[in-house]
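> What follows is a structure written as structure tokens; I'll ask about it next.
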Amino acid sequence: MESKTACDRKGFTLWFTGLPCSGKSAVADRVAEILRQRGLKVERLDGDIVRQSLTRDLGFSREDRNENIRRVTFVAKLLTRNGVAVLTSFISPYRDIREEARREIGSFIEVYTKCPLNVCMERDLKGMYKKALAGEIKEFTGISDPYEEPISPEILLETDKETLEESARKVISRLEEWEYL
Ligand SMILES: Nc1ncnc2c1ncn2[C@@H]1O[C@H](COP(=O)(O)OP(=O)(O)OP(=O)(O)O)[C@@H](O)[C@H]1O
Ligand SMILES: [Mg+2]
């Protein structure tokens, strides 16, 4: 099959959701790297960065989390309709707002980085679980705030059982199957 040129590519959004330290950013970064190598126009929207810029006025109440996701959805929608491969990595703990993002964006692929809480807590890359357990951070997903698991995500990654590279390959294979690549 001939490879696609930039103008006949259809944009899409890979929407990574999962607990803190479940692997959203790590897998999204690796997939983004592979997609760039294949010549796609790629944009990453990551929670840590977006919360320091576009949504720095927001906190972690349910309303603020949803507002955070609404703004990200708006940006992802514009990029997606212009043929960009968008990879978002936000905890996005509430199912209804993820479904709203799905409806808005259209070419929306939900990627659930599933990982048991105890493994996420062991990883604790930024020391946030430790702080949450000590009561220093309120409204911390998995400890003192809810996470609503996706019911039927397009892609399920079990990041405690697969390597980062295996998870990334799985995403690429699905994109090929669905002819986004
Ligand atoms: N299969 C895998 N997929 C993703 N990450 C993995 C996997 N196996 C091990 N890891 C490791 O788990 C850690 C996941 O951290 P990462 O920052 O990606 O989490 P996150 O979901 O983005 O968390 P946060 O919500 O705090 O941003 C990384 O150190 C990564 O190398
Ligand atoms: Mg992250």
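By convention here, the chains of the structure tokens are called A, B, ... in the order presented, each chain's residues are numbered starting at 1, and ligands are numbered starting at 1 in the order presented.
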Neighbouring residues of ligand 1 are defined here as those with any atom at most 6 Å from a ligand atom, counting only C-alpha atoms and all ligand atoms; list them as a PyMOL selection string.
chain A and resi 19-27+91+159-160+162-164+167
> Create the file for the chosen residues now, containing all heavy atoms and written as a tab-separated table (two decimals), in the first residue's frame.

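Generated output (result_31.tsv):
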```
chain	number	residue	atom	x	y	z
A	19	LEU	N	-4.94	6.74	36.05
A	19	LEU	CA	-4.47	7.24	37.35
A	19	LEU	C	-3.13	7.96	37.22
A	19	LEU	O	-2.38	7.71	36.27
A	19	LEU	CB	-4.27	6.04	38.30
A	19	LEU	CG	-5.52	5.36	38.85
A	19	LEU	CD1	-5.11	4.07	39.59
A	19	LEU	CD2	-6.30	6.28	39.78
A	20	PRO	N	-2.78	8.81	38.20
A	20	PRO	CA	-1.44	9.38	38.22
A	20	PRO	C	-0.39	8.25	38.23
A	20	PRO	O	-0.57	7.25	38.94
A	20	PRO	CB	-1.40	10.15	39.56
A	20	PRO	CG	-2.83	10.42	39.90
A	20	PRO	CD	-3.62	9.28	39.33
A	21	CYS	N	0.63	8.41	37.41
A	21	CYS	CA	1.73	7.42	37.29
A	21	CYS	C	1.31	6.13	36.58
A	21	CYS	O	2.05	5.13	36.63
A	21	CYS	CB	2.35	7.06	38.63
A	21	CYS	SG	3.25	8.43	39.33
A	22	SER	N	0.16	6.14	35.92
A	22	SER	CA	-0.25	4.93	35.19
A	22	SER	C	0.46	4.82	33.85
A	22	SER	O	0.43	3.77	33.21
A	22	SER	CB	-1.77	4.92	35.00
A	22	SER	OG	-2.18	6.06	34.26
A	23	GLY	N	1.08	5.90	33.38
A	23	GLY	CA	1.86	5.83	32.14
A	23	GLY	C	1.33	6.65	30.97
A	23	GLY	O	1.81	6.51	29.84
A	24	LYS	N	0.39	7.54	31.24
A	24	LYS	CA	-0.18	8.35	30.14
A	24	LYS	C	0.90	9.13	29.38
A	24	LYS	O	1.01	9.03	28.17
A	24	LYS	CB	-1.21	9.36	30.70
A	24	LYS	CG	-2.36	8.73	31.45
A	24	LYS	CD	-3.29	9.77	32.05
A	24	LYS	CE	-2.69	10.66	33.10
A	24	LYS	NZ	-2.26	9.97	34.34
A	25	SER	N	1.68	9.91	30.12
A	25	SER	CA	2.68	10.77	29.46
A	25	SER	C	3.77	9.94	28.79
A	25	SER	O	4.18	10.24	27.66
A	25	SER	CB	3.33	11.72	30.48
A	25	SER	OG	2.36	12.55	31.04
A	26	ALA	N	4.22	8.89	29.48
A	26	ALA	CA	5.31	8.07	28.94
A	26	ALA	C	4.91	7.42	27.61
A	26	ALA	O	5.65	7.50	26.62
A	26	ALA	CB	5.72	7.01	29.96
A	27	VAL	N	3.73	6.82	27.56
A	27	VAL	CA	3.31	6.16	26.32
A	27	VAL	C	3.00	7.20	25.24
A	27	VAL	O	3.41	7.04	24.09
A	27	VAL	CB	2.07	5.24	26.53
A	27	VAL	CG1	1.71	4.53	25.23
A	27	VAL	CG2	2.34	4.20	27.62
A	91	ILE	N	-5.40	13.07	33.46
A	91	ILE	CA	-6.06	12.03	34.27
A	91	ILE	C	-7.51	11.90	33.79
A	91	ILE	O	-8.01	10.81	33.61
A	91	ILE	CB	-6.01	12.37	35.78
A	91	ILE	CG1	-4.54	12.46	36.24
A	91	ILE	CG2	-6.76	11.31	36.60
A	91	ILE	CD1	-4.36	13.04	37.64
A	159	THR	N	-0.34	-1.31	31.89
A	159	THR	CA	1.05	-0.86	31.96
A	159	THR	C	1.86	-1.54	33.07
A	159	THR	O	3.07	-1.35	33.15
A	159	THR	CB	1.15	0.68	32.10
A	159	THR	OG1	0.66	1.06	33.39
A	159	THR	CG2	0.36	1.39	31.01
A	160	ASP	N	1.19	-2.33	33.91
A	160	ASP	CA	1.96	-3.11	34.89
A	160	ASP	C	2.40	-4.45	34.29
A	160	ASP	O	3.28	-5.11	34.82
A	160	ASP	CB	1.12	-3.37	36.15
A	160	ASP	CG	-0.16	-4.13	35.85
A	160	ASP	OD1	-0.81	-3.84	34.81
A	160	ASP	OD2	-0.52	-5.02	36.64
A	162	GLU	N	2.82	-4.89	30.61
A	162	GLU	CA	3.54	-4.73	29.35
A	162	GLU	C	4.64	-3.67	29.52
A	162	GLU	O	4.54	-2.81	30.40
A	162	GLU	CB	2.56	-4.35	28.22
A	162	GLU	CG	1.37	-3.56	28.68
A	162	GLU	CD	0.23	-3.41	27.67
A	162	GLU	OE1	-0.62	-4.31	27.61
A	162	GLU	OE2	0.18	-2.36	27.02
A	163	THR	N	5.65	-3.74	28.66
A	163	THR	CA	6.69	-2.71	28.72
A	163	THR	C	6.15	-1.46	28.01
A	163	THR	O	5.17	-1.52	27.26
A	163	THR	CB	7.98	-3.15	28.00
A	163	THR	OG1	7.68	-3.30	26.61
A	163	THR	CG2	8.51	-4.47	28.55
A	164	LEU	N	6.83	-0.36	28.25
A	164	LEU	CA	6.47	0.90	27.61
A	164	LEU	C	6.46	0.73	26.08
A	164	LEU	O	5.55	1.19	25.39
A	164	LEU	CB	7.48	1.96	28.05
A	164	LEU	CG	7.43	3.36	27.46
A	164	LEU	CD1	6.06	3.98	27.61
A	164	LEU	CD2	8.46	4.24	28.17
A	167	SER	N	3.43	-1.23	24.93
A	167	SER	CA	2.23	-0.40	24.97
A	167	SER	C	2.20	0.54	23.76
A	167	SER	O	1.16	0.68	23.10
A	167	SER	CB	2.19	0.44	26.25
A	167	SER	OG	2.09	-0.38	27.38
```
> Give me, as an MDAnalysis selection string, the set of residues whose atoms come within 12 Å of any atom of ligand 2, counting only C-alpha atoms and all ligand atoms.
chainID A and resid 16:29 44:51 87:92 113 120 124:126 128
> For the residues selected in the previous step, produce a file with N, CA and C atoms as a short mmCIF file (atom, residue, chain, number, x, y, z; two decimals), in the first residue's frame.

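Listed below is the output, again_16.cif:
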```cif
data_model
loop_
_atom_site.label_atom_id
_atom_site.label_comp_id
_atom_site.auth_asym_id
_atom_site.auth_seq_id
_atom_site.Cartn_x
_atom_site.Cartn_y
_atom_site.Cartn_z
N PHE A 16 -5.45 9.88 26.19
CA PHE A 16 -4.94 9.01 27.26
C PHE A 16 -5.58 9.40 28.58
N THR A 17 -6.11 8.39 29.27
CA THR A 17 -6.71 8.62 30.58
C THR A 17 -6.25 7.51 31.53
N GLY A 18 -6.12 7.85 32.79
CA GLY A 18 -5.69 6.86 33.78
C GLY A 18 -5.21 7.55 35.05
N LEU A 19 -4.94 6.74 36.05
CA LEU A 19 -4.47 7.24 37.35
C LEU A 19 -3.13 7.96 37.22
N PRO A 20 -2.78 8.81 38.20
CA PRO A 20 -1.44 9.38 38.22
C PRO A 20 -0.39 8.25 38.23
N CYS A 21 0.63 8.41 37.41
CA CYS A 21 1.73 7.42 37.29
C CYS A 21 1.31 6.13 36.58
N SER A 22 0.16 6.14 35.92
CA SER A 22 -0.25 4.93 35.19
C SER A 22 0.46 4.82 33.85
N GLY A 23 1.08 5.90 33.38
CA GLY A 23 1.86 5.83 32.14
C GLY A 23 1.33 6.65 30.97
N LYS A 24 0.39 7.54 31.24
CA LYS A 24 -0.18 8.35 30.14
C LYS A 24 0.90 9.13 29.38
N SER A 25 1.68 9.91 30.12
CA SER A 25 2.68 10.77 29.46
C SER A 25 3.77 9.94 28.79
N ALA A 26 4.22 8.89 29.48
CA ALA A 26 5.31 8.07 28.94
C ALA A 26 4.91 7.42 27.61
N VAL A 27 3.73 6.82 27.56
CA VAL A 27 3.31 6.16 26.32
C VAL A 27 3.00 7.20 25.24
N ALA A 28 2.31 8.27 25.63
CA ALA A 28 1.97 9.31 24.64
C ALA A 28 3.23 9.90 24.02
N ASP A 29 4.25 10.14 24.83
CA ASP A 29 5.51 10.69 24.29
C ASP A 29 6.15 9.72 23.30
N ARG A 44 1.27 17.40 21.12
CA ARG A 44 1.05 16.80 22.44
C ARG A 44 0.40 17.82 23.36
N LEU A 45 -0.63 17.42 24.05
CA LEU A 45 -1.22 18.27 25.09
C LEU A 45 -1.11 17.49 26.39
N ASP A 46 -0.24 17.93 27.29
CA ASP A 46 0.02 17.18 28.51
C ASP A 46 -0.46 17.97 29.73
N GLY A 47 -1.09 17.27 30.65
CA GLY A 47 -1.65 17.89 31.85
C GLY A 47 -0.70 18.83 32.57
N ASP A 48 0.52 18.36 32.79
CA ASP A 48 1.47 19.17 33.56
C ASP A 48 1.75 20.51 32.89
N ILE A 49 1.85 20.50 31.58
CA ILE A 49 2.18 21.73 30.84
C ILE A 49 0.94 22.63 30.68
N VAL A 50 -0.17 22.01 30.32
CA VAL A 50 -1.40 22.78 30.11
C VAL A 50 -1.83 23.49 31.40
N ARG A 51 -1.65 22.81 32.52
CA ARG A 51 -2.05 23.41 33.80
C ARG A 51 -1.14 24.57 34.23
N LEU A 87 -2.19 14.03 20.73
CA LEU A 87 -2.09 13.07 21.84
C LEU A 87 -2.24 13.84 23.14
N THR A 88 -3.33 13.59 23.84
CA THR A 88 -3.57 14.29 25.10
C THR A 88 -3.28 13.34 26.27
N SER A 89 -2.72 13.86 27.34
CA SER A 89 -2.48 13.03 28.53
C SER A 89 -2.93 13.79 29.77
N PHE A 90 -4.14 13.48 30.17
CA PHE A 90 -4.78 14.08 31.34
C PHE A 90 -5.42 12.95 32.14
N ILE A 91 -5.40 13.07 33.46
CA ILE A 91 -6.06 12.03 34.27
C ILE A 91 -7.51 11.90 33.79
N SER A 92 -8.15 13.04 33.54
CA SER A 92 -9.55 13.10 33.08
C SER A 92 -10.40 12.02 33.75
N THR A 113 -4.78 3.79 30.19
CA THR A 113 -3.57 3.22 30.76
C THR A 113 -3.96 2.63 32.12
N CYS A 120 1.05 2.12 40.77
CA CYS A 120 1.18 3.57 40.55
C CYS A 120 1.83 4.23 41.76
N ASP A 124 5.38 6.43 41.81
CA ASP A 124 5.34 7.78 42.40
C ASP A 124 6.44 8.73 41.92
N LEU A 125 6.51 8.91 40.61
CA LEU A 125 7.58 9.69 39.98
C LEU A 125 7.79 11.08 40.57
N LYS A 126 6.68 11.74 40.88
CA LYS A 126 6.80 13.13 41.36
C LYS A 126 6.59 13.25 42.87
N MET A 128 3.97 12.60 44.47
CA MET A 128 2.64 13.14 44.77
C MET A 128 1.80 12.20 45.64
#
```
> Report, in Å with one decimal, the straight-line distance from atom CA of A:Phe60 to atom CA of A:Pro93.
10.8 Å
> Given only C-alpha atoms as the basis, pick out the residue of A:Asn118, A:Thr80, A:Thr55, A:Gln37 nearest to A:Gly142.
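Selected residue with least distance to A:Gly142: A:Asn118.
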> Could you jot down the atom CA of A:Leu35 to atom CA of A:Leu156 separation for me, Å, one decimal place?
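A separation of 19.2 Å between them.
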> Can you tell me, as a VMD selection string, what residues are no more than 8 Å from A:Ile155 when counting only C-alpha atoms, ignoring any on the same chain fewer than 5 positions away?
chain A and resid 109 to 112 171 174
> Under the rule that only C-alpha atoms are counted, which of A:Asn82, A:Thr73, A:Thr13, A:Ser61 is the nearest residue to A:Glu100?
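When distances to A:Glu100 are compared using only C-alpha atoms, the smallest one comes from A:Thr73.
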> Of the candidates A:Leu117, A:Ile97, A:Leu133, A:Val84, which one gets nearest to A:Arg9 if we count only C-alpha atoms?
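When distances to A:Arg9 are compared using only C-alpha atoms, the smallest one comes from A:Val84.
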> Do you know which residues are at most 12 Å from A:Ser107 counting only C-alpha atoms, after dropping those on the same chain fewer than 4 positions away, and could you put them as a list in words?
Lys10, Gly11, Phe12, Thr13, Leu14, Trp15, Thr73, Ala76, Lys77, Leu78, Leu79, Thr80, Arg81, Asn82, Gly83, Val84, Ala85, Val86, Leu87, Ala101, Arg102, Arg103, Glu154, Leu175, Trp178 and Tyr180 of chain A
> Taking the DSSP assignment computed from this structure's backbone, write out as a list in words all residues of chain A that belong to strand (DSSP E or B).
Phe12, Thr13, Leu14, Trp15, Phe16, Thr17, Val42, Glu43, Arg44, Leu45, Asp46, Ala85, Val86, Leu87, Thr88, Ser89, Phe108, Ile109, Glu110, Val111, Tyr112, Thr113, Lys114, Thr141, Asp145, Ile155, Leu156, Leu157 and Glu158 of chain A
> Atom CA of A:Gly59 to atom CA of A:Phe140: how many Å, to one decimal?
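Interatomic distance here is 11.2 Å.
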